[in-house]
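A.B. asks: Provided herewith: query_10.tsv, TSV, C-alpha atoms.
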```tsv
chain	number	residue	atom	x	y	z
Z	1	MET	CA	27.18	54.13	-4.26
Z	2	LEU	CA	24.81	55.26	-7.01
Z	3	LYS	CA	25.89	57.49	-9.88
Z	4	LEU	CA	23.75	59.55	-12.26
Z	5	SER	CA	25.24	61.33	-15.27
Z	6	GLY	CA	24.16	64.25	-17.46
Z	7	ILE	CA	22.92	66.45	-14.59
Z	8	LYS	CA	23.28	70.13	-13.74
Z	9	LEU	CA	22.04	71.87	-10.60
Z	10	THR	CA	21.32	75.30	-12.08
Z	11	GLY	CA	19.91	77.24	-9.14
Z	12	ILE	CA	19.04	77.39	-5.45
Z	13	ALA	CA	16.83	79.93	-3.66
Z	14	SER	CA	16.01	79.79	0.05
Z	15	VAL	CA	13.29	81.45	2.06
Z	16	ALA	CA	12.81	81.80	5.83
Z	17	PRO	CA	9.88	83.29	7.76
Z	18	LYS	CA	10.41	86.83	9.05
Z	19	GLN	CA	9.16	86.03	12.54
Z	20	ILE	CA	12.02	85.19	14.90
Z	21	LEU	CA	11.96	83.33	18.21
Z	22	ARG	CA	15.04	83.95	20.33
Z	23	MET	CA	16.38	81.25	22.62
Z	24	GLU	CA	15.72	83.36	25.73
Z	25	GLU	CA	12.04	83.61	24.75
Z	26	ILE	CA	11.54	79.85	24.93
Z	27	ALA	CA	9.48	78.90	27.95
Z	28	GLY	CA	11.06	76.86	30.70
Z	29	PHE	CA	14.73	77.61	30.11
Z	30	ASP	CA	16.87	78.42	33.11
Z	31	PRO	CA	18.12	81.94	32.23
Z	32	MET	CA	21.51	81.06	33.75
Z	33	GLY	CA	21.91	78.10	31.40
Z	34	ILE	CA	20.94	79.67	28.09
Z	35	ASP	CA	24.42	80.87	27.10
Z	36	LYS	CA	25.75	77.38	27.73
Z	37	VAL	CA	23.13	75.86	25.43
Z	38	ILE	CA	23.79	78.47	22.72
Z	39	ASP	CA	27.57	77.96	22.96
Z	40	ALA	CA	27.35	74.17	22.78
Z	41	MET	CA	24.57	73.67	20.22
Z	42	GLY	CA	25.18	76.82	18.19
Z	43	PHE	CA	21.56	77.95	17.87
Z	44	SER	CA	20.55	81.35	19.25
Z	45	SER	CA	17.27	81.93	17.40
Z	46	PHE	CA	14.72	80.28	15.11
Z	47	HIS	CA	12.58	81.57	12.25
Z	48	ILE	CA	8.94	80.65	12.83
Z	49	ALA	CA	6.20	80.50	10.20
Z	50	ASP	CA	3.14	82.71	10.52
Z	51	GLU	CA	-0.01	80.85	11.52
Z	52	ASP	CA	-1.53	81.23	8.06
Z	53	MET	CA	1.62	80.25	6.12
Z	54	THR	CA	2.48	76.69	5.16
Z	55	THR	CA	5.67	75.11	3.87
Z	56	SER	CA	4.29	75.23	0.34
Z	57	ASP	CA	3.71	79.01	0.60
Z	58	TYR	CA	7.41	79.49	1.32
Z	59	CYS	CA	8.32	77.03	-1.44
Z	60	VAL	CA	6.15	78.91	-3.96
Z	61	ALA	CA	7.88	82.19	-3.03
Z	62	ALA	CA	11.32	80.59	-3.38
Z	63	SER	CA	10.33	78.97	-6.70
Z	64	GLN	CA	9.00	82.21	-8.19
Z	65	ARG	CA	12.21	83.99	-7.25
Z	66	LEU	CA	14.36	81.21	-8.67
Z	67	ILE	CA	12.38	80.94	-11.93
Z	68	LYS	CA	12.66	84.70	-12.42
Z	69	HIS	CA	16.40	84.92	-11.78
Z	70	LEU	CA	17.24	81.87	-13.87
Z	71	CYS	CA	15.33	83.55	-16.74
Z	72	VAL	CA	13.35	80.39	-17.48
Z	73	THR	CA	9.61	80.10	-18.06
Z	74	SER	CA	7.21	78.12	-15.87
Z	75	GLU	CA	6.05	76.33	-19.03
Z	76	SER	CA	9.55	74.91	-19.55
Z	77	ILE	CA	9.45	72.92	-16.28
Z	78	ASP	CA	8.74	69.21	-16.79
Z	79	ALA	CA	8.29	68.09	-13.18
Z	80	ILE	CA	7.80	69.43	-9.67
Z	81	ILE	CA	8.77	67.47	-6.55
Z	82	PHE	CA	7.73	68.64	-3.08
Z	83	VAL	CA	9.82	67.11	-0.27
Z	84	SER	CA	8.41	67.76	3.19
Z	85	GLN	CA	6.86	66.32	6.31
Z	86	THR	CA	4.53	69.30	6.69
Z	87	PRO	CA	2.27	69.08	3.61
Z	88	ASP	CA	-0.80	71.27	3.17
Z	89	TYR	CA	-3.13	68.26	3.41
Z	90	PHE	CA	-3.01	64.48	3.80
Z	91	MET	CA	-4.59	64.47	0.34
Z	92	PRO	CA	-4.12	65.63	-2.35
Z	93	SER	CA	-0.36	65.94	-2.83
Z	94	THR	CA	0.90	69.44	-2.15
Z	95	SER	CA	2.92	69.39	-5.39
Z	96	ILE	CA	-0.33	69.15	-7.39
Z	97	ILE	CA	-1.60	72.33	-5.71
Z	98	MET	CA	1.73	74.07	-6.31
Z	99	GLN	CA	1.58	73.09	-9.99
Z	100	SER	CA	-1.24	75.54	-10.71
Z	101	ARG	CA	0.01	78.18	-8.27
Z	102	LEU	CA	3.30	78.31	-10.18
Z	103	GLY	CA	1.65	78.24	-13.60
Z	104	LEU	CA	3.26	74.96	-14.60
Z	105	ARG	CA	1.97	72.98	-17.61
Z	106	ASP	CA	-0.96	70.63	-17.04
Z	107	ASP	CA	1.09	67.66	-18.26
Z	108	VAL	CA	3.84	68.25	-15.69
Z	109	LEU	CA	4.89	65.33	-13.46
Z	110	ALA	CA	4.04	66.32	-9.86
Z	111	PHE	CA	4.56	64.28	-6.72
Z	112	ASP	CA	5.44	64.58	-3.02
Z	113	ILE	CA	8.16	62.80	-1.07
Z	114	ASN	CA	7.66	62.35	2.67
Z	115	GLN	CA	11.15	63.07	3.97
Z	116	GLY	CA	12.65	65.27	6.65
Z	117	CYS	CA	16.29	66.16	7.23
Z	118	PRO	CA	17.72	63.96	4.44
Z	119	GLY	CA	15.04	65.25	2.05
Z	120	PHE	CA	17.23	67.66	0.07
Z	121	ILE	CA	19.52	64.85	-1.07
Z	122	TYR	CA	16.61	62.43	-1.63
Z	123	GLY	CA	15.01	65.16	-3.74
Z	124	ILE	CA	18.14	65.78	-5.80
Z	125	PHE	CA	18.42	62.04	-6.42
Z	126	HIS	CA	14.82	61.77	-7.65
Z	127	ALA	CA	15.12	64.93	-9.77
Z	128	ALA	CA	18.38	63.69	-11.25
Z	129	SER	CA	16.74	60.31	-11.93
Z	130	LEU	CA	13.97	62.06	-13.88
Z	131	ILE	CA	16.57	63.98	-15.89
Z	132	HIS	CA	18.34	60.67	-16.48
Z	133	SER	CA	14.98	59.30	-17.73
Z	134	GLY	CA	14.67	62.02	-20.35
Z	135	LEU	CA	13.07	65.06	-18.72
Z	136	ASN	CA	14.86	68.35	-19.25
Z	137	ARG	CA	14.03	70.55	-16.26
Z	138	VAL	CA	12.83	69.60	-12.75
Z	139	LEU	CA	11.80	71.97	-9.96
Z	140	LEU	CA	12.57	70.56	-6.51
Z	141	CYS	CA	10.94	72.17	-3.49
Z	142	VAL	CA	12.06	71.25	0.03
Z	143	GLY	CA	11.34	72.47	3.52
Z	144	ASP	CA	9.31	72.17	6.68
Z	145	THR	CA	7.39	74.30	9.13
Z	146	ALA	CA	8.13	72.06	12.09
Z	147	SER	CA	7.04	74.82	14.49
Z	148	LYS	CA	3.43	73.81	13.76
Z	149	MET	CA	4.12	70.33	15.16
Z	150	ILE	CA	6.05	71.32	18.30
Z	151	ASN	CA	4.58	71.90	21.73
Z	152	PRO	CA	5.78	75.36	22.89
Z	153	LEU	CA	6.52	73.80	26.28
Z	154	ASP	CA	8.83	71.17	24.77
Z	155	ARG	CA	12.27	72.77	25.16
Z	156	SER	CA	14.10	69.87	23.50
Z	157	ALA	CA	12.32	70.37	20.15
Z	158	ARG	CA	11.48	74.07	20.46
Z	159	ALA	CA	15.17	74.97	20.97
Z	160	PHE	CA	16.20	72.88	17.97
Z	161	PHE	CA	13.88	73.21	14.94
Z	162	GLY	CA	13.38	76.29	12.78
Z	163	ASP	CA	11.20	76.80	9.71
Z	164	ALA	CA	12.54	77.35	6.19
Z	165	ALA	CA	12.08	76.25	2.59
Z	166	ALA	CA	14.01	76.23	-0.66
Z	167	ALA	CA	13.59	75.76	-4.38
Z	168	ILE	CA	16.20	74.02	-6.49
Z	169	MET	CA	16.30	73.70	-10.29
Z	170	ILE	CA	17.87	70.59	-11.77
Z	171	GLU	CA	18.37	70.22	-15.51
Z	172	SER	CA	20.10	68.13	-18.08
Z	173	GLY	CA	23.79	68.98	-18.21
Z	174	THR	CA	27.24	67.48	-18.12
Z	175	ASN	CA	27.89	66.72	-14.46
Z	176	ASP	CA	27.99	63.34	-12.73
Z	177	PHE	CA	26.29	63.19	-9.31
Z	178	SER	CA	27.02	60.33	-6.89
Z	179	PHE	CA	24.85	59.26	-3.95
Z	180	SER	CA	25.11	57.12	-0.83
Z	181	PHE	CA	22.07	56.07	1.22
Z	182	PHE	CA	21.89	54.43	4.63
Z	183	ALA	CA	19.00	53.88	7.05
Z	184	ASP	CA	18.49	52.01	10.31
Z	185	SER	CA	14.77	51.76	10.92
Z	186	SER	CA	15.23	49.91	14.23
Z	187	GLN	CA	15.48	53.37	15.81
Z	188	TYR	CA	12.69	55.10	13.88
Z	189	ASP	CA	10.98	56.16	17.10
Z	190	ALA	CA	13.91	58.40	18.11
Z	191	LEU	CA	12.43	61.14	15.92
Z	192	MET	CA	8.74	60.88	15.12
Z	193	ILE	CA	5.18	62.08	15.51
Z	194	PRO	CA	3.52	58.98	17.01
Z	195	ALA	CA	-0.12	59.80	16.24
Z	196	GLY	CA	-2.08	61.13	13.29
Z	197	GLY	CA	-1.29	58.49	10.70
Z	198	MET	CA	-3.18	55.25	10.18
Z	199	ARG	CA	-1.12	53.31	12.74
Z	200	LYS	CA	-2.43	55.53	15.53
Z	201	ARG	CA	-5.32	57.77	14.54
Z	202	PHE	CA	-5.99	61.24	15.97
Z	203	SER	CA	-8.10	61.22	19.13
Z	204	VAL	CA	-8.67	63.43	22.13
Z	205	GLU	CA	-6.12	61.30	23.93
Z	206	THR	CA	-3.42	61.77	21.29
Z	207	MET	CA	-4.03	65.53	21.33
Z	208	THR	CA	-3.55	65.77	25.11
Z	209	PRO	CA	-0.06	66.90	26.23
Z	210	HIS	CA	1.84	64.93	28.85
Z	211	GLU	CA	4.90	65.98	30.84
Z	212	ASP	CA	8.08	63.90	30.57
Z	213	GLU	CA	10.81	63.27	33.18
Z	214	ASN	CA	12.59	66.51	32.16
Z	215	GLY	CA	9.49	68.68	32.50
Z	216	ASN	CA	8.89	68.99	28.74
Z	217	GLN	CA	5.31	68.76	27.50
Z	218	ARG	CA	4.09	67.22	24.25
Z	219	SER	CA	1.17	65.22	22.92
Z	220	GLU	CA	1.43	62.17	20.69
Z	221	SER	CA	0.38	64.40	17.79
Z	222	GLN	CA	3.53	66.50	18.18
Z	223	ILE	CA	7.22	65.93	17.48
Z	224	HIS	CA	8.99	63.49	19.80
Z	225	MET	CA	12.77	63.74	19.73
Z	226	LYS	CA	15.20	61.57	21.72
Z	227	GLY	CA	18.35	63.68	21.72
Z	228	ALA	CA	20.76	61.18	23.27
Z	229	GLU	CA	19.68	58.34	20.92
Z	230	LEU	CA	20.02	60.62	17.89
Z	231	THR	CA	23.45	61.77	19.04
Z	232	SER	CA	24.69	58.18	19.45
Z	233	PHE	CA	23.34	57.29	15.99
Z	234	TYR	CA	25.06	60.29	14.36
Z	235	LEU	CA	28.37	59.64	16.14
Z	236	LYS	CA	28.24	55.97	15.19
Z	237	ASN	CA	27.30	56.44	11.55
Z	238	VAL	CA	27.94	59.86	9.98
Z	239	ALA	CA	31.76	59.99	9.96
Z	240	PRO	CA	32.20	56.28	9.03
Z	241	ARG	CA	29.61	56.55	6.20
Z	242	LEU	CA	31.28	59.68	4.86
Z	243	LYS	CA	34.69	58.02	5.05
Z	244	THR	CA	33.39	55.05	3.05
Z	245	PHE	CA	31.71	57.36	0.52
Z	246	LEU	CA	34.96	59.33	-0.01
Z	247	SER	CA	36.80	56.05	-0.48
Z	248	GLU	CA	34.25	54.83	-3.06
Z	249	LEU	CA	34.54	58.17	-4.86
Z	250	ASP	CA	38.35	57.95	-4.68
Z	251	VAL	CA	38.40	61.52	-3.41
Z	252	THR	CA	40.42	62.84	-0.46
Z	253	VAL	CA	39.34	65.41	2.12
Z	254	ASP	CA	41.89	67.82	0.63
Z	255	GLU	CA	40.30	67.54	-2.80
Z	256	VAL	CA	36.81	68.46	-1.58
Z	257	ASP	CA	35.98	72.18	-1.72
Z	258	LEU	CA	33.12	72.03	0.77
Z	259	PHE	CA	31.52	69.57	3.16
Z	260	ALA	CA	27.98	70.94	3.33
Z	261	MET	CA	26.68	69.09	6.37
Z	262	HIS	CA	23.19	68.97	7.81
Z	263	GLN	CA	23.16	71.80	10.36
Z	264	VAL	CA	22.14	69.57	13.24
Z	265	ASN	CA	24.27	71.29	15.90
Z	266	LYS	CA	27.88	72.32	16.50
Z	267	ILE	CA	28.65	69.34	18.72
Z	268	ILE	CA	28.04	66.75	15.99
Z	269	LEU	CA	29.70	68.78	13.23
Z	270	ASN	CA	32.81	69.35	15.35
Z	271	ALA	CA	32.99	65.62	16.12
Z	272	VAL	CA	32.69	64.70	12.42
Z	273	ALA	CA	35.32	67.30	11.49
Z	274	ARG	CA	37.76	65.91	14.04
Z	275	LYS	CA	37.12	62.27	13.12
Z	276	LEU	CA	37.73	62.90	9.41
Z	277	LYS	CA	40.34	65.66	9.91
Z	278	ILE	CA	38.32	68.16	7.90
Z	279	PRO	CA	39.55	71.76	8.31
Z	280	ALA	CA	36.93	73.97	10.02
Z	281	GLU	CA	36.62	76.31	7.01
Z	282	LYS	CA	35.53	73.38	4.83
Z	283	ILE	CA	32.77	72.17	7.17
Z	284	PRO	CA	30.86	75.27	8.26
Z	285	PHE	CA	28.18	75.55	10.91
Z	286	ALA	CA	26.08	78.56	9.97
Z	287	ALA	CA	22.60	77.89	11.34
Z	288	GLY	CA	22.93	79.93	14.52
Z	289	GLU	CA	20.06	82.22	13.56
Z	290	PHE	CA	17.89	79.51	12.02
Z	291	GLY	CA	18.07	76.25	14.00
Z	292	CYS	CA	17.78	72.89	12.33
Z	293	THR	CA	15.55	73.47	9.31
Z	294	SER	CA	15.00	69.87	8.20
Z	295	SER	CA	15.29	69.38	4.43
Z	296	ALA	CA	15.96	73.12	3.92
Z	297	SER	CA	19.08	72.97	6.09
Z	298	LEU	CA	21.61	72.44	3.30
Z	299	PRO	CA	20.15	74.87	0.72
Z	300	LEU	CA	19.85	77.44	3.53
Z	301	LEU	CA	23.53	76.92	4.41
Z	302	LEU	CA	24.45	77.49	0.76
Z	303	SER	CA	22.21	80.58	0.51
Z	304	THR	CA	23.50	82.20	3.69
Z	305	ASN	CA	27.21	81.44	3.22
Z	306	TYR	CA	27.86	80.81	-0.46
Z	307	SER	CA	25.43	83.01	-2.41
Z	308	ASN	CA	26.75	84.22	-5.73
Z	309	ASP	CA	23.81	86.25	-7.04
Z	310	ASN	CA	25.73	89.45	-6.31
Z	311	GLY	CA	28.47	88.44	-8.71
Z	312	GLU	CA	30.88	87.02	-6.14
Z	313	GLY	CA	31.25	83.29	-5.97
Z	314	ARG	CA	33.30	80.62	-4.26
Z	315	HIS	CA	34.95	77.65	-5.93
Z	316	LEU	CA	32.43	74.85	-5.41
Z	317	GLU	CA	33.31	72.27	-8.02
Z	318	ARG	CA	33.65	69.35	-5.61
Z	319	VAL	CA	30.99	69.46	-2.93
Z	320	ILE	CA	29.98	66.76	-0.49
Z	321	LEU	CA	26.40	67.10	0.72
Z	322	CYS	CA	25.61	65.06	3.83
Z	323	SER	CA	22.41	64.94	5.77
Z	324	PHE	CA	21.04	62.73	8.53
Z	325	GLY	CA	18.09	62.42	10.83
Z	326	VAL	CA	14.61	60.99	10.63
Z	327	GLY	CA	14.59	57.31	9.66
Z	328	LEU	CA	17.11	57.15	11.17
Z	329	SER	CA	19.27	57.75	8.15
Z	330	VAL	CA	22.49	59.14	6.75
Z	331	VAL	CA	22.57	60.19	3.10
Z	332	SER	CA	25.35	61.81	1.11
Z	333	ALA	CA	25.91	63.15	-2.37
Z	334	TYR	CA	28.92	64.33	-4.34
Z	335	VAL	CA	27.95	67.15	-6.66
Z	336	SER	CA	29.28	70.16	-8.53
Z	337	LEU	CA	27.86	73.59	-7.72
Z	338	GLU	CA	30.42	75.36	-9.90
Z	339	ASP	CA	27.84	76.81	-12.31
Z	340	THR	CA	24.94	76.98	-9.86
Z	341	LEU	CA	23.13	80.24	-9.20
Z	342	ILE	CA	23.00	80.34	-5.38
Z	343	MET	CA	20.66	83.09	-4.26
Z	344	GLY	CA	20.80	84.63	-0.78
Z	345	CYS	CA	18.09	83.80	1.75
Z	346	ASP	CA	14.94	85.88	1.46
Z	347	GLU	CA	12.74	86.50	4.51
Z	348	ILE	CA	9.01	86.82	3.96
H	1	MET	CA	42.16	58.63	34.05
H	2	GLU	CA	43.15	62.20	34.96
H	3	GLU	CA	42.79	63.16	31.30
H	4	PHE	CA	39.28	61.65	31.28
H	5	LEU	CA	38.31	63.74	34.32
H	6	GLU	CA	39.80	66.84	32.68
H	7	ASN	CA	37.77	66.18	29.53
H	8	ILE	CA	34.58	66.05	31.62
H	9	ARG	CA	35.51	69.28	33.40
H	10	ASP	CA	36.11	70.88	29.99
H	11	LEU	CA	32.76	69.88	28.55
H	12	LEU	CA	30.94	71.05	31.69
H	13	ASP	CA	33.09	74.20	31.74
H	14	THR	CA	33.69	73.75	35.46
H	15	ASP	CA	36.54	73.57	37.98
H	16	MET	CA	34.65	71.22	40.29
H	17	ASN	CA	36.54	68.51	42.09
H	18	LEU	CA	35.96	65.23	40.21
H	19	THR	CA	37.55	61.94	41.24
H	20	GLY	CA	37.26	58.35	40.14
H	21	GLU	CA	34.76	57.81	42.95
H	22	THR	CA	32.41	60.58	41.81
H	23	HIS	CA	29.14	59.18	40.50
H	24	LEU	CA	28.30	60.41	36.99
H	25	HIS	CA	24.72	61.36	37.79
H	26	GLU	CA	25.67	63.15	41.00
H	27	ILE	CA	27.70	65.70	39.06
H	28	GLU	CA	26.15	69.13	39.41
H	29	ASP	CA	24.82	70.47	36.09
H	30	TRP	CA	24.69	66.99	34.53
H	31	ASP	CA	21.75	67.38	32.15
H	32	SER	CA	20.69	66.40	28.62
H	33	LEU	CA	23.16	68.87	27.09
H	34	ALA	CA	25.99	67.40	29.19
H	35	THR	CA	24.96	63.91	28.04
H	36	VAL	CA	25.16	64.89	24.36
H	37	SER	CA	28.51	66.67	24.89
H	38	PHE	CA	29.85	63.67	26.80
H	39	LEU	CA	28.84	61.22	24.04
H	40	ALA	CA	30.68	63.39	21.49
H	41	MET	CA	33.77	63.68	23.70
H	42	VAL	CA	33.97	59.89	24.15
H	43	ASN	CA	33.63	59.44	20.39
H	44	VAL	CA	36.33	61.96	19.50
H	45	GLU	CA	38.83	61.22	22.29
H	46	TYR	CA	38.37	57.45	22.72
H	47	ASP	CA	36.88	56.42	19.36
H	48	LYS	CA	33.90	54.74	21.08
H	49	VAL	CA	30.17	55.33	20.85
H	50	LEU	CA	28.06	54.88	23.97
H	51	ASP	CA	24.29	54.64	23.86
H	52	LYS	CA	21.73	56.11	26.24
H	53	THR	CA	21.27	52.82	28.14
H	54	GLU	CA	24.97	52.68	28.93
H	55	ILE	CA	25.05	56.31	30.03
H	56	LYS	CA	22.09	55.80	32.37
H	57	ARG	CA	23.83	53.20	34.54
H	58	ASP	CA	24.97	54.21	38.01
H	59	TRP	CA	28.66	54.56	37.14
H	60	THR	CA	31.47	56.00	39.15
H	61	LEU	CA	33.76	57.90	36.78
H	62	LYS	CA	36.49	55.28	37.30
H	63	GLU	CA	34.09	52.46	36.36
H	64	LEU	CA	32.86	54.39	33.33
H	65	TYR	CA	36.41	55.19	32.18
H	66	GLU	CA	37.44	51.52	32.44
H	67	TYR	CA	34.27	50.46	30.60
H	68	ILE	CA	35.02	52.90	27.75
H	69	ILE	CA	38.63	51.75	27.46
H	70	GLU	CA	37.56	48.07	27.41
H	71	LYS	CA	34.61	48.56	25.01
```
Written as structure tokens, that's how I'd like the structure from this file.

C.D. replies:
Amino acid sequence: MLKLSGIKLTGIASVAPKQILRMEEIAGFDPMGIDKVIDAMGFSSFHIADEDMTTSDYCVAASQRLIKHLCVTSESIDAIIFVSQTPDYFMPSTSIIMQSRLGLRDDVLAFDINQGCPGFIYGIFHAASLIHSGLNRVLLCVGDTASKMINPLDRSARAFFGDAAAAIMIESGTNDFSFSFFADSSQYDALMIPAGGMRKRFSVETMTPHEDENGNQRSESQIHMKGAELTSFYLKNVAPRLKTFLSELDVTVDEVDLFAMHQVNKIILNAVARKLKIPAEKIPFAAGEFGCTSSASLPLLLSTNYSNDNGEGRHLERVILCSFGVGLSVVSAYVSLEDTLIMGCDEI
Amino acid sequence: MEEFLENIRDLLDTDMNLTGETHLHEIEDWDSLATVSFLAMVNVEYDKVLDKTEIKRDWTLKELYEYIIEK
């Protein structure tokens, strides 16, 4: 367990694309089986980015909204971190481009982190580390537009991922944040895009879709997801890692106000809740309209269910954040959101 | 064993006749969603985690139940 002191998470703003894809619109689904899939997984629709919008466009919109409502100036921000697996370009870093778009100082620290589902917690850790190193205010941007990397004829991924982004402000303060990291890279190919990097360069062959045993189509340049392998990994690791983390924190389930879990699907969340005896109201699944939104999943959950920008707030002093996925990995954090401005989700 | 069969009927939301001699992959409606639901059920009810290789074997439900209990 890692612990960083003197931190405050001052604000969260989430953004989702306006365009919606409903489950019944996804090609190749047996109409008779759709309700069963929706009931079991929990997802009924997905927000999909416009063709000309990138993850950073949504992050810029979320950041501008957050900066405005926190009543801070762009010039007061010391660093910007962009956490995503859908950057604008291979080079330069997307954060550098966002720096000028947001009017940040030219001496700001700007860098990208290549992370997916666990990216929100990775980002908080790095932002908190910078605060711990002496910076005063860090803007963290997270999110993905996975729809751009999914074959429309791949039901397994198309009926799972949605697009969204979020901006989070982290500043010097009085809270202690604790973190737990775990990864098992022996199963990295359970969730990956095989081609396009230096290990396997783009080619006509890697751009050509192939059909798998279940009738799904995808090329090696698109997302490959092995659902059964991921499920086994989550069942084997999420609840035990969380149990160990709670033990290291010396905190009981009863003492935690909220278990904000990666919104992977209802099946996994229900299993974790039952294994750790977490009451349903403390471990919400609320991504039915959004799908799994990668690193934006947790901020989106907070924005849709726990927003306090209308004056009403929930007691969120002791919050467990837990995310898991690409890596494969399980990461957790124990934070306070008691004085955090949590803005509702904006659709643009 | 009967409880195991009932758990499978529950996750498939079916009243079909399942016995210990029924082969897992011959069950009507057994698909990727059923596999994921089954893995979760085994984890919650029997505190075991199966992997895809184990699920893919040509089990009868009785063989699979005994394997899970012994694992």

A.B. asks: Pull out every residue of chain H sitting within 8 Å of chain Z, counting all atoms listed in the file, and send them as a list in words.

C.D. replies: Ser32, Leu33, Thr35, Val36, Ser37, Leu39, Ala40, Met41, Asn43, Val44, Val49, Leu50, Asp51 and Lys52 of chain H

A.B. asks: Would you kindly identify which residues have an atom no farther than 12 Å from (32.0, 72.6, 35.1), using all atoms listed in the file and the file's own coordinates, and write them out as a ChimeraX atom specification?

C.D. replies: /Z:36 /H:5-18,27-31,34

A.B. asks: What gap, in Å, lies between atom CA of Z:Thr244 and atom CA of Z:Ala127?

C.D. replies: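 It comes out at 24.4 Å.
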
A.B. asks: Would you compute the distance between atom CA of Z:Asp57 and atom CA of Z:Ala159? Give it in Å to one decimal.

C.D. replies: 23.7 Å

A.B. asks: Taking the point (11.4, 77.9, 1.1) as given in the file, collect each protein or nucleic acid residue that comes within 9 Å of it, counting all atoms listed in the file, and present the set as a PyMOL selection string.

C.D. replies: chain Z and resi 13-17+55-63+141-144+163-167+296+300+345-346

A.B. asks: Can you tell me which residues surround Z:Ile67 at a distance of at most 10 Å, considering all atoms listed in the file, apart from same-chain residues fewer than 5 positions away, and format the answer as a ChimeraX atom specification?

C.D. replies: /Z:11-13,62,72-74,77,102,139,167-169

A.B. asks: At a cut-off of 7 Å, using only C-alpha atoms, what residues contact stretch 133-137 of chain Z? Leave out same-chain residues fewer than 4 positions from it and give the result as a list in words.

C.D. replies: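 The filter keeps Ile77, Asp78, Ala79, Ser129, Ile170, Glu171 and Ser172 of chain Z.
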
A.B. asks: Any idea what the distance is between atom CA of Z:Lys68 and atom CA of Z:Gly119?

C.D. replies: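 So the two atoms, atom CA of Z:Lys68 and atom CA of Z:Gly119, lie 24.4 Å apart.
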